[in-house]
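Peer 1: structure_4.cif is the file, holding mmCIF, C-alpha atoms:
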```cif
data_data
#
loop_
_atom_site.label_atom_id
_atom_site.label_comp_id
_atom_site.auth_asym_id
_atom_site.auth_seq_id
_atom_site.Cartn_x
_atom_site.Cartn_y
_atom_site.Cartn_z
CA MET A 24 0.00 0.00 0.00
CA ALA A 25 2.79 2.43 0.84
CA ALA A 26 5.23 2.09 -1.96
CA GLY A 27 8.42 4.16 -1.92
CA SER A 28 7.77 7.77 -1.08
CA THR A 29 4.13 7.88 -2.12
CA ILE A 30 1.19 7.16 0.14
CA ASP A 31 -1.69 5.26 -1.41
CA ALA A 32 -4.26 6.04 1.27
CA LEU A 33 -7.25 5.08 -0.83
CA GLY A 34 -6.01 1.80 -2.28
CA GLN A 35 -7.30 -0.01 0.78
CA PHE A 36 -10.85 0.74 -0.33
CA GLU A 37 -10.49 -0.99 -3.69
CA LEU A 38 -12.71 -3.97 -4.21
CA HIS A 39 -11.28 -7.24 -5.44
CA PRO A 40 -13.26 -10.27 -6.47
CA VAL A 41 -12.83 -13.20 -4.11
CA LEU A 42 -13.20 -16.89 -4.94
CA GLY A 43 -11.54 -16.30 -8.33
CA GLY A 44 -13.68 -16.46 -11.44
CA LEU A 45 -16.84 -17.33 -9.55
CA GLY A 46 -16.51 -14.21 -7.43
CA GLU A 47 -15.94 -12.13 -10.53
CA ALA A 48 -18.99 -13.55 -12.24
CA LEU A 49 -21.18 -13.03 -9.15
CA ARG A 50 -19.71 -9.57 -8.42
CA PHE A 51 -18.65 -11.03 -5.08
CA SER A 52 -15.85 -8.92 -3.59
CA GLN A 53 -14.29 -8.85 -0.12
CA SER A 54 -17.02 -6.40 0.91
CA PRO A 55 -19.95 -8.88 0.80
CA LEU A 56 -17.59 -11.49 2.26
CA MET A 57 -17.09 -9.24 5.28
CA MET A 58 -20.86 -8.65 5.44
CA ILE A 59 -21.31 -12.41 5.72
CA VAL A 60 -18.56 -12.62 8.35
CA ALA A 61 -20.19 -9.78 10.30
CA SER A 62 -23.64 -11.42 10.08
CA VAL A 63 -22.25 -14.80 11.16
CA ALA A 64 -20.41 -13.13 14.04
CA VAL A 65 -23.58 -11.38 15.24
CA LEU A 66 -25.66 -14.56 14.94
CA ALA A 67 -22.97 -16.69 16.60
CA PHE A 68 -22.69 -14.17 19.42
CA LEU A 69 -26.43 -14.49 20.12
CA TYR A 70 -26.76 -18.25 19.52
CA VAL A 71 -23.66 -19.24 21.49
CA GLY A 72 -24.31 -16.64 24.15
CA MET A 73 -27.92 -17.68 24.72
CA ARG A 74 -27.26 -21.43 24.57
CA PRO A 75 -27.06 -21.91 28.38
CA LYS A 76 -30.52 -20.28 28.76
CA ALA A 77 -29.46 -19.77 32.37
CA VAL A 78 -31.59 -17.86 34.83
CA VAL A 79 -28.33 -16.53 36.27
CA PRO A 80 -26.38 -15.73 33.09
CA GLY A 81 -22.68 -16.25 32.48
CA ARG A 82 -20.50 -13.58 30.90
CA LEU A 83 -21.33 -14.27 27.26
CA GLN A 84 -25.05 -14.68 27.94
CA ALA A 85 -25.05 -11.49 30.01
CA ALA A 86 -23.31 -9.69 27.14
CA ALA A 87 -25.90 -10.96 24.65
CA GLU A 88 -28.74 -9.93 26.97
CA ILE A 89 -27.20 -6.49 27.53
CA CYS A 90 -27.02 -5.99 23.74
CA TYR A 91 -30.65 -7.08 23.42
CA ASP A 92 -31.80 -4.80 26.24
CA PHE A 93 -29.72 -1.89 24.95
CA ILE A 94 -31.33 -1.88 21.50
CA HIS A 95 -34.75 -2.83 22.88
CA ASN A 96 -34.72 0.11 25.29
CA MET A 97 -33.45 2.40 22.56
CA ALA A 98 -36.22 1.37 20.20
CA VAL A 99 -39.05 1.45 22.75
CA ASP A 100 -37.90 4.62 24.52
CA THR A 101 -37.39 6.55 21.31
CA ILE A 102 -40.15 5.27 19.05
CA GLY A 103 -42.69 4.51 21.78
CA PRO A 104 -44.80 1.37 22.22
CA GLU A 105 -44.77 0.85 18.44
CA GLY A 106 -41.00 0.51 18.72
CA ARG A 107 -41.42 -3.14 19.65
CA ALA A 108 -42.29 -3.90 16.03
CA PHE A 109 -39.21 -2.11 14.72
CA PHE A 110 -36.85 -3.51 17.34
CA PRO A 111 -35.52 -6.43 15.20
CA PHE A 112 -34.88 -4.01 12.34
CA VAL A 113 -32.99 -1.55 14.55
CA PHE A 114 -31.10 -4.43 16.15
CA THR A 115 -30.06 -5.79 12.75
CA LEU A 116 -29.06 -2.34 11.55
CA PHE A 117 -27.02 -1.49 14.65
CA PHE A 118 -25.14 -4.76 14.86
CA PHE A 119 -24.63 -5.05 11.09
CA ILE A 120 -22.95 -1.61 11.09
CA LEU A 121 -21.12 -2.18 14.40
CA ALA A 122 -19.71 -5.53 13.28
CA GLY A 123 -18.76 -4.01 9.91
CA ASN A 124 -16.97 -1.09 11.57
CA TYR A 125 -15.10 -3.31 14.00
CA LEU A 126 -14.21 -6.00 11.44
CA GLY A 127 -12.58 -3.25 9.39
CA LEU A 128 -10.14 -2.61 12.22
CA LEU A 129 -8.68 -6.12 11.97
CA PRO A 130 -5.54 -6.51 9.83
CA PHE A 131 -6.12 -7.80 6.25
CA SER A 132 -9.82 -7.14 6.75
CA PHE A 133 -12.16 -4.70 5.06
CA ALA A 134 -14.72 -2.21 6.35
CA PHE A 135 -17.77 -2.42 4.11
CA THR A 136 -19.19 0.65 5.88
CA SER A 137 -16.39 2.68 4.21
CA HIS A 138 -18.22 2.33 0.89
CA VAL A 139 -20.73 5.05 0.20
CA ALA A 140 -22.76 2.68 -1.95
CA VAL A 141 -23.35 0.45 1.09
CA THR A 142 -24.13 3.28 3.49
CA ILE A 143 -26.44 5.04 1.07
CA ALA A 144 -28.26 1.75 0.49
CA LEU A 145 -28.71 1.35 4.25
CA ALA A 146 -29.81 4.99 4.61
CA LEU A 147 -32.26 4.74 1.71
CA MET A 148 -33.69 1.58 3.25
CA VAL A 149 -34.30 3.49 6.50
CA PHE A 150 -35.66 6.49 4.58
CA VAL A 151 -38.05 4.44 2.45
CA LEU A 152 -39.19 2.48 5.51
CA SER A 153 -39.89 5.68 7.44
CA VAL A 154 -41.83 7.15 4.50
CA ILE A 155 -43.89 3.95 4.13
CA VAL A 156 -44.58 3.86 7.88
CA SER A 157 -45.48 7.58 7.83
CA LEU A 158 -47.96 7.16 4.98
CA LYS A 159 -49.45 4.08 6.63
CA ALA A 160 -49.76 5.67 10.09
CA GLN A 161 -50.73 9.21 9.12
CA GLY A 162 -52.03 9.01 5.56
CA ALA A 163 -52.26 12.35 3.82
CA LYS A 164 -51.56 14.14 7.09
CA PHE A 165 -47.94 13.14 6.54
CA PHE A 166 -47.60 15.90 3.95
CA ALA A 167 -48.81 18.49 6.45
CA HIS A 168 -45.48 18.12 8.26
CA PHE A 169 -43.79 20.02 5.45
CA MET A 170 -45.61 23.16 6.61
CA PRO A 171 -44.46 23.90 10.19
CA ALA A 172 -47.43 24.37 12.52
CA GLY A 173 -48.10 27.98 13.54
CA ALA A 174 -45.96 29.49 10.76
CA PRO A 175 -47.53 32.33 8.72
CA VAL A 176 -49.08 31.12 5.50
CA ALA A 177 -47.21 33.83 3.63
CA LEU A 178 -43.95 32.08 4.43
CA ALA A 179 -45.16 28.78 2.99
CA PRO A 180 -43.42 29.25 -0.40
CA LEU A 181 -40.15 29.59 1.51
CA LEU A 182 -40.70 27.09 4.32
CA VAL A 183 -42.18 24.18 2.41
CA PRO A 184 -39.24 23.79 0.00
CA ILE A 185 -36.82 24.11 2.93
CA GLU A 186 -38.69 21.42 4.87
CA ILE A 187 -38.83 19.15 1.84
CA LEU A 188 -35.13 19.68 1.23
CA SER A 189 -34.34 18.97 4.88
CA PHE A 190 -36.46 15.82 4.75
CA LEU A 191 -34.83 14.61 1.55
CA SER A 192 -31.35 15.32 2.90
CA ARG A 193 -31.88 12.81 5.70
CA PRO A 194 -30.63 9.74 3.82
CA VAL A 195 -27.74 11.78 2.44
CA SER A 196 -26.53 12.96 5.84
CA LEU A 197 -27.22 9.54 7.37
CA SER A 198 -25.10 7.72 4.78
CA ILE A 199 -22.34 10.32 4.31
CA ARG A 200 -21.81 10.59 8.08
CA LEU A 201 -21.06 6.88 8.47
CA PHE A 202 -19.12 6.63 5.20
CA ALA A 203 -16.97 9.72 5.89
CA ASN A 204 -16.18 8.69 9.45
CA MET A 205 -15.03 5.25 8.40
CA VAL A 206 -13.02 6.52 5.43
CA ALA A 207 -11.34 9.23 7.51
CA GLY A 208 -10.36 6.78 10.24
CA HIS A 209 -8.94 4.23 7.81
CA VAL A 210 -7.11 6.88 5.80
CA MET A 211 -5.50 8.22 8.96
CA LEU A 212 -4.46 4.73 10.09
CA GLU A 213 -3.00 4.06 6.64
CA MET A 214 -1.14 7.39 6.52
CA PHE A 215 0.48 7.05 9.93
CA ALA A 216 1.41 3.45 9.19
CA ALA A 217 3.00 4.66 5.93
CA PHE A 218 4.89 7.36 7.84
CA THR A 219 6.43 4.63 9.97
CA ILE A 220 7.67 2.76 6.90
CA MET A 221 8.94 5.94 5.25
CA LEU A 222 10.78 7.04 8.41
CA ALA A 223 12.26 3.60 8.87
CA GLY A 224 13.99 4.07 5.50
CA LEU A 225 15.98 7.04 6.84
CA GLY A 226 18.44 5.00 8.88
CA LEU A 227 19.06 5.05 12.64
CA ILE A 228 17.37 8.39 13.39
CA GLY A 229 14.46 7.33 11.23
CA ASP A 230 14.10 4.07 13.18
CA ALA A 231 13.84 6.08 16.38
CA LEU A 232 11.39 8.58 14.88
CA ALA A 233 9.29 5.80 13.34
CA VAL A 234 8.05 4.92 16.82
CA GLY A 235 6.04 8.15 16.85
CA PRO A 236 3.47 7.20 14.17
CA VAL A 237 3.12 3.75 15.72
CA VAL A 238 2.18 5.36 19.04
CA ILE A 239 -0.25 7.66 17.22
CA ASN A 240 -1.75 4.65 15.43
CA VAL A 241 -2.34 2.91 18.77
CA ALA A 242 -4.24 5.98 19.95
CA LEU A 243 -6.06 6.16 16.61
CA MET A 244 -7.10 2.53 17.02
CA ALA A 245 -8.71 3.44 20.36
CA LEU A 246 -10.41 6.40 18.68
CA GLU A 247 -11.64 4.18 15.85
CA LEU A 248 -13.12 1.73 18.36
CA LEU A 249 -15.05 4.66 19.81
CA VAL A 250 -16.04 6.02 16.40
CA GLY A 251 -17.12 2.58 15.18
CA ALA A 252 -19.52 2.13 18.10
CA LEU A 253 -20.64 5.77 18.04
CA GLN A 254 -21.47 5.79 14.33
CA ALA A 255 -23.43 2.56 14.64
CA TYR A 256 -25.29 4.12 17.58
CA VAL A 257 -25.93 7.38 15.71
CA PHE A 258 -27.24 5.47 12.71
CA ALA A 259 -29.54 3.38 14.92
CA ILE A 260 -30.79 6.26 17.07
CA LEU A 261 -31.49 8.45 14.02
CA THR A 262 -33.38 5.53 12.49
CA CYS A 263 -35.41 5.34 15.70
CA ILE A 264 -36.06 9.11 15.62
CA TYR A 265 -37.24 8.99 12.00
CA LEU A 266 -39.51 6.07 12.83
CA ARG A 267 -40.84 7.91 15.91
CA GLU A 268 -41.77 10.85 13.70
CA ALA A 269 -43.33 8.39 11.29
CA VAL A 270 -45.59 6.68 13.85
CA ALA A 271 -46.39 9.90 15.79
CA HIS A 272 -49.93 11.15 15.16
CA MET B 19 -35.35 14.91 26.27
CA ALA B 20 -34.84 12.42 23.46
CA ARG B 21 -35.86 15.09 21.00
CA SER B 22 -33.28 17.58 22.33
CA ALA B 23 -30.61 14.86 22.39
CA ALA B 24 -31.48 13.94 18.85
CA SER B 25 -31.36 17.54 17.68
CA SER B 26 -27.99 18.05 19.38
CA ILE B 27 -26.70 14.85 17.77
CA ARG B 28 -27.92 16.12 14.43
CA ARG B 29 -26.31 19.54 14.99
CA VAL B 30 -22.96 17.99 15.94
CA ALA B 31 -23.20 15.54 13.08
CA SER B 32 -24.03 18.29 10.60
CA LEU B 33 -20.92 20.18 11.78
CA LEU B 34 -18.71 17.10 11.61
CA THR B 35 -19.91 15.75 8.29
CA PRO B 36 -18.31 18.42 6.03
CA LEU B 37 -15.14 18.14 8.10
CA ALA B 38 -15.02 14.39 7.70
CA LEU B 39 -15.87 14.73 4.03
CA ALA B 40 -13.07 17.23 3.56
CA LEU B 41 -10.46 14.94 5.06
CA PRO B 42 -10.22 12.40 2.23
CA VAL B 43 -10.26 15.30 -0.20
CA MET B 44 -7.33 16.86 1.66
CA VAL B 45 -5.56 13.54 1.65
CA MET B 46 -6.02 13.27 -2.09
CA ALA B 47 -4.72 16.81 -2.49
CA ALA B 48 -1.72 16.11 -0.28
CA PRO B 49 1.62 15.98 -2.10
CA GLY B 50 2.72 12.46 -2.81
CA ALA B 51 -0.81 11.06 -2.74
CA ARG B 52 -1.73 9.20 -5.90
CA ALA B 53 -4.02 11.33 -7.97
CA VAL B 54 -6.81 8.83 -8.47
CA GLY B 55 -10.45 9.08 -7.48
CA MET B 56 -11.86 7.30 -4.50
CA PRO B 57 -12.50 3.64 -5.30
CA GLN B 58 -15.85 4.06 -3.54
CA LEU B 59 -16.99 6.50 -6.20
CA ASP B 60 -15.83 4.38 -9.13
CA PHE B 61 -19.29 3.26 -10.10
CA SER B 62 -18.00 1.82 -13.38
CA ASN B 63 -16.62 -1.02 -11.28
CA PRO B 64 -19.37 -3.65 -11.18
CA LEU B 65 -18.15 -4.77 -7.74
CA VAL B 66 -19.28 -1.44 -6.24
CA ILE B 67 -22.90 -2.03 -7.18
CA GLY B 68 -22.49 -5.78 -6.68
CA GLN B 69 -21.80 -5.25 -2.99
CA VAL B 70 -25.08 -3.32 -2.68
CA VAL B 71 -27.05 -6.25 -4.12
CA TRP B 72 -25.14 -8.74 -1.99
CA GLY B 73 -25.54 -6.43 0.97
CA ALA B 74 -29.30 -6.29 0.49
CA VAL B 75 -29.52 -10.09 0.37
CA ILE B 76 -27.21 -10.56 3.37
CA PHE B 77 -29.00 -7.86 5.37
CA LEU B 78 -32.38 -9.44 4.62
CA VAL B 79 -31.16 -12.90 5.63
CA LEU B 80 -29.60 -11.48 8.81
CA TYR B 81 -32.81 -9.60 9.58
CA LEU B 82 -34.95 -12.71 9.07
CA LEU B 83 -32.67 -14.91 11.16
CA LEU B 84 -32.48 -12.33 13.94
CA SER B 85 -36.17 -11.47 14.02
CA ARG B 86 -37.46 -15.05 13.59
CA SER B 87 -34.93 -17.06 15.57
CA ALA B 88 -32.14 -15.37 17.50
CA LEU B 89 -33.98 -12.46 19.14
CA PRO B 90 -37.04 -14.54 20.18
CA LYS B 91 -34.58 -16.92 21.90
CA VAL B 92 -33.20 -14.03 23.94
CA GLU B 93 -36.72 -12.77 24.58
CA ALA B 94 -37.78 -16.24 25.80
CA VAL B 95 -34.86 -16.41 28.24
CA LEU B 96 -35.57 -12.91 29.55
CA THR B 97 -39.28 -13.66 29.90
CA SER B 98 -38.67 -16.95 31.69
CA ARG B 99 -36.24 -15.19 34.02
CA ARG B 100 -38.80 -12.48 34.77
CA GLN B 101 -41.40 -15.17 35.48
CA THR B 102 -38.99 -17.16 37.65
CA ILE B 103 -38.12 -14.06 39.64
CA ASP B 104 -41.79 -13.11 39.98
CA ASN B 105 -42.68 -16.65 41.08
CA ASP B 106 -39.81 -16.75 43.56
CA LEU B 107 -40.84 -13.38 44.89
CA ASP B 108 -44.42 -14.61 45.25
CA ILE B 109 -43.21 -17.69 47.11
CA ALA B 110 -41.00 -15.55 49.31
CA HIS B 111 -43.89 -13.15 50.01
CA ARG B 112 -46.17 -16.06 50.89
CA ALA B 113 -43.49 -17.64 53.10
CA LYS B 114 -43.01 -14.32 54.82
CA ALA B 115 -46.75 -13.94 55.39
CA GLU B 116 -46.88 -17.47 56.79
CA ALA B 117 -43.90 -16.81 59.02
CA ASP B 118 -45.50 -13.58 60.21
CA SER B 119 -48.77 -15.32 61.05
CA ALA B 120 -46.83 -18.13 62.78
CA VAL B 121 -44.99 -15.55 64.86
CA ASP B 122 -48.32 -13.90 65.65
CA GLU B 123 -49.76 -17.25 66.67
CA LEU B 124 -46.71 -17.90 68.79
CA HIS B 125 -47.09 -14.56 70.51
CA GLN B 126 -50.78 -15.22 70.99
CA ALA B 127 -50.07 -18.68 72.44
CA ARG B 128 -47.38 -17.24 74.67
CA ARG B 129 -49.73 -14.52 75.89
CA SER B 130 -52.56 -16.98 76.58
CA ALA B 131 -50.17 -19.42 78.26
CA MET B 132 -48.87 -16.63 80.41
CA ALA B 133 -52.41 -15.58 81.31
CA GLU B 134 -53.31 -19.19 82.08
CA ALA B 135 -50.22 -19.66 84.20
CA GLN B 136 -50.95 -16.44 86.04
CA ALA B 137 -54.51 -17.60 86.61
CA ASN B 138 -53.23 -20.93 87.91
CA VAL B 139 -50.79 -19.20 90.23
CA ASP B 140 -53.56 -16.87 91.43
CA LYS B 141 -55.86 -19.83 91.93
CA VAL B 142 -53.24 -21.79 93.89
CA ILE B 143 -52.52 -18.78 96.03
CA GLU B 144 -56.24 -18.21 96.55
CA ASP B 145 -56.75 -21.90 97.36
CA ALA B 146 -53.88 -21.84 99.79
CA ARG B 147 -55.25 -18.69 101.35
CA LEU B 148 -58.71 -20.20 101.63
CA ALA B 149 -57.31 -23.44 103.00
CA ALA B 150 -55.29 -21.53 105.54
CA LEU B 151 -58.33 -19.45 106.39
CA ARG B 152 -60.47 -22.54 106.74
CA GLN B 153 -57.82 -24.22 108.87
CA THR B 154 -57.66 -21.18 111.05
CA GLN B 155 -61.42 -21.08 111.31
CA ASP B 156 -61.54 -24.79 112.07
CA MET B 157 -58.84 -24.36 114.64
CA ASN B 158 -60.65 -21.39 116.13
CA ALA B 159 -63.91 -23.25 116.10
CA ARG B 160 -62.32 -26.27 117.73
CA LEU B 161 -60.59 -24.14 120.24
CA ALA B 162 -63.80 -22.27 120.89
CA THR B 163 -65.63 -25.58 121.33
CA GLU B 164 -62.94 -26.90 123.58
CA ILE B 165 -62.91 -23.69 125.58
CA HIS B 166 -66.68 -23.82 125.78
CA GLU B 167 -66.56 -27.44 126.81
CA ALA B 168 -63.87 -26.69 129.35
CA GLU B 169 -65.88 -23.75 130.64
CA THR B 170 -68.94 -25.97 130.78
CA ARG B 171 -66.93 -28.52 132.65
CA VAL B 172 -65.51 -25.88 134.95
CA ALA B 173 -68.98 -24.48 135.47
CA ALA B 174 -70.31 -27.98 136.13
CA ALA B 175 -67.44 -28.67 138.45
CA ARG B 176 -68.02 -25.35 140.09
CA THR B 177 -71.73 -26.01 140.34
CA ALA B 178 -70.99 -29.47 141.59
CA ALA B 179 -68.46 -28.05 143.98
CA LEU B 180 -70.85 -25.33 145.02
CA GLY B 181 -73.66 -27.89 145.45
CA SER B 182 -71.51 -30.05 147.67
CA LEU B 183 -70.29 -26.94 149.44
CA ARG B 184 -73.87 -26.27 150.60
CA GLN B 185 -74.21 -29.79 151.74
CA ILE B 186 -70.84 -29.58 153.52
CA ALA B 187 -71.84 -26.24 154.92
CA ASP B 188 -75.16 -27.68 156.10
CA GLU B 189 -73.49 -30.67 157.59
CA THR B 190 -70.70 -28.61 159.09
CA ALA B 191 -73.22 -26.15 160.50
CA GLN B 192 -75.27 -29.03 161.97
CA VAL B 193 -72.16 -30.68 163.46
CA LEU B 194 -70.93 -27.35 164.79
CA VAL B 195 -74.34 -26.58 166.34
CA ARG B 196 -74.47 -30.02 167.83
CA GLN B 197 -70.98 -29.82 169.15
CA VAL B 198 -71.44 -26.30 170.50
CA THR B 199 -74.96 -26.62 171.84
CA GLY B 200 -75.22 -30.30 172.22
CA THR B 201 -78.51 -30.25 170.49
CA SER B 202 -79.38 -31.07 167.04
CA VAL B 203 -81.19 -28.54 164.94
CA PRO B 204 -83.68 -29.57 162.32
CA ALA B 205 -82.03 -29.89 158.93
CA ASP B 206 -84.37 -27.48 157.15
CA VAL B 207 -83.63 -24.70 159.70
CA VAL B 208 -79.95 -25.22 159.22
CA ALA B 209 -80.38 -25.22 155.45
CA ARG B 210 -82.41 -22.00 155.53
CA THR B 211 -79.92 -20.29 157.78
CA VAL B 212 -76.99 -21.41 155.65
CA ASP B 213 -78.87 -20.25 152.57
CA HIS B 214 -79.49 -16.92 154.18
CA ALA B 215 -75.87 -16.58 155.17
CA ALA B 216 -74.63 -17.70 151.73
CA THR B 217 -76.88 -15.23 149.98
CA ALA B 218 -75.67 -12.51 152.32
CA ARG B 219 -72.06 -13.36 151.31
CA GLY B 220 -72.99 -13.49 147.64
CA LEU B 221 -72.44 -17.21 147.11
#
```
Show the structure stored in the file as C-alpha cells.
Peer 2:
Amino acid sequence: MAAGSTIDALGQFELHPVLGGLGEALRFSQSPLMMIVASVAVLAFLYVGMRPKAVVPGRLQAAAEICYDFIHNMAVDTIGPEGRAFFPFVFTLFFFILAGNYLGLLPFSFAFTSHVAVTIALALMVFVLSVIVSLKAQGAKFFAHFMPAGAPVALAPLLVPIEILSFLSRPVSLSIRLFANMVAGHVMLEMFAAFTIMLAGLGLIGDALAVGPVVINVALMALELLVGALQAYVFAILTCIYLREAVAH
Amino acid sequence: MARSAASSIRRVASLLTPLALALPVMVMAAPGARAVGMPQLDFSNPLVIGQVVWGAVIFLVLYLLLSRSALPKVEAVLTSRRQTIDNDLDIAHRAKAEADSAVDELHQARRSAMAEAQANVDKVIEDARLAALRQTQDMNARLATEIHEAETRVAAARTAALGSLRQIADETAQVLVRQVTGTSVPADVVARTVDHAATARGL
C-alpha cells in the first residue's frame, strides 16, 4: 500500500473479487464477504451466548442480553410502544454496522461501511421504511409536516421547499456521516502506518522517529473503536427518531 | 429529552460531516498522494454495485434470522427469568406472610399461656389462702368448742363443787351446832340459815 515515497491512502478501499472467477462472475468482492462474516459473528454471538438459557447468566449470555436490552430500550424509549415492532430491524441495523466497523479494524480485513454505496443503500432503506410507515400511520396528514405548525401562511413558499429539502437530505446525511467517518479513520491509520515505513527508511534516526506514528496509530485505534460504536449508535438512534416521527400522530 | 438529544446529535453531526468529508479530499490533495479518485466513487466497477445487491440479500437474511430465531430466543430467556423471579418473589412473600402469622400465633399462644399460668398461680394462692383461712377457722372453732366445753366442765365442776359446798356447809353447821350446843337442829332450819348466810355473802 505504501510504496516508496508515495502514500496510497485510498487503495485499501479498492474492491477485489474473491473466490476467483466465480466471485468475478457473481460480483462477489471482499465487501460482501465481510458482510457475511459480520452477520455470522452477530448470529454466533447471540446463539452461542444464549445457549445456556441460564436464569443466572454467564458472561457471554449477560453480554448478549445487555445488547438485546440496549437496543430494545433504545427502540421502545425513542419510538414509543410501536417501537417493539421495529426492534428487530434496529437491532439488525445497529449490529450489522457495528460488526462491519469493528471487522474493518482487523488486519487484512475490510470495512464495508467505508463504501458510500453500502451506506447510502442502508440509509435509503431506512428512509423508504420511514416514508412507508409515515404514509401508513398518518395518511395524507404526513404531507402536512412540510408546513411547520403555527408558521404564517405567507412564508409557505419559503418554508415548504426548505422542509422538503431537509427531509430529503436525511438519507444523504445519514449515509455520508457513516461513510466519511469510516473513510477518515482508515485513511489516517493508513497514513500514519506509511509514515512509519517511510521514516524507517531514513536509517538510525528514522528508526527512532518511526516509533512516533506507531504510538499515534495505537491511539487512533482506540479512537476508531469509539467512532465505530458511536457511528453505529448514531445510525440506529437516528433511524429510531425517523420512525418515531413516522408513527407519531 | 430524546428530542433535544437527537437535535444536538444532528447539529454535531451536521458540523462534523463536512469536516469528515473534507479529510479524504485533503488527503487526495496532499503531495505524494496518488491522484486517483476514490475507489468508492468508481461506479464503473461492477463490484461497487455488486456489494449493494449482496448487501441487500445478506441484510435481509440477517434480519430474518435475527427477528425469527435469534432475538425470540433471547426474549424467551428474559421472559422466563422475569417469570422465575416473579414466582420466587411470590413464594417468598407467601413464606413471609406465613412466618409472620406463625410468629403472631406464637405470641398469641405465649400470651394466653402466660395468662393461664398467672390464673393458675392466682388460683393456687387463693386456694392456699382459703385453706389456711379454713384451717384457722376450724382451729378457732375447735378451740372455741374446747374452751366452751372446758368452761362448761368448769362451770359444772363449780356447780358441783358449790352444790356439795352447801351440803358440807349444812353438815358442818349441823355438826358445829351439835358440838357447840349439844342439840341437834332440824335440817331445814340449818339449810335456811346457811342459805341466808350464803346469799348474804354473795355465794
Peer 1: Is it possible to get the residues within 12 Å of (-18.7, 0.6, 23.3) (coordinates as in the file, counting all atoms listed in the file) written as a count of residues only?
Peer 2: 21
Peer 1: Kindly determine which residues of chain A lie within 8 Å of chain B, considering all atoms listed in the file, and give the answer as a PyMOL selection string.
Peer 2: chain A and resi 28-34+36-40+49-52+54-55+58-59+62+66+69-70+73+76-78+87-88+91+101+111-112+115+119+137-141+144+196+199-200+203-204+206-207+210+257+260-261+264
Peer 1: So the first atom is CA of Arg193 in chain A and the second is CA of Gln53 in chain A; what is the distance between them in Å, to one decimal place?
Peer 2: 28.5 Å
Peer 1: For Glu105 in chain A, find every residue with an atom within 10 Å (counting only C-alpha atoms), except residues of its own chain fewer than 4 positions away, and show them as a PyMOL selection string.
Peer 2: chain A and resi 98-101+109-110+266-267+270-271
Peer 1: Running the PyMOL selection byres ((chain B and resi 187-192) around 7) on this model by hand, what would come out? Give it as a PyMOL selection string.
Peer 2: chain B and resi 183-186+193-196+202-203+208-209+212
Peer 1: Report, in Å with one decimal, the straight-line distance from CA of Pro130 in chain A to CA of Ala216 in chain A.
Peer 2: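 So the two atoms, CA of Pro130 in chain A and CA of Ala216 in chain A, lie 12.2 Å apart.
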Peer 1: Take CA of Ala61 in chain A and CA of Gly127 in chain A and report the distance between them in Å, one decimal.
Peer 2: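 These two atoms are separated by 10.1 Å.
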Peer 1: Which neighbours of Gly235 in chain A fall inside 10 Å, counting only C-alpha atoms, when residues of the same chain fewer than 2 positions from it are skipped, and could you give them as a list in words?
Peer 2: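 Neighbouring residues, sequence-local ones excluded: Phe215, Phe218, Thr219, Leu222, Asp230, Ala231, Leu232, Ala233, Val237, Val238, Ile239 and Asn240 of chain A.
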Peer 1: So, with only C-alpha atoms as the atoms that count, which of A:Met97, A:Val183, A:Gln35, A:Ala269 lies closest to Val154 in chain A?
Peer 2: A:Ala269
Peer 1: Step by step, gather every atom of range 185-197 of chain A that the file lists, find the box along x, y and z that holds them, add 4 Å on each side, and finally give centre and edge lengths in Å to one decimal, as AutoDock Vina command-line options.
Peer 2:
```
--center_x -32.7 --center_y 16.8 --center_z 4.3 --size_x 20.3 --size_y 22.6 --size_z 14.1
```
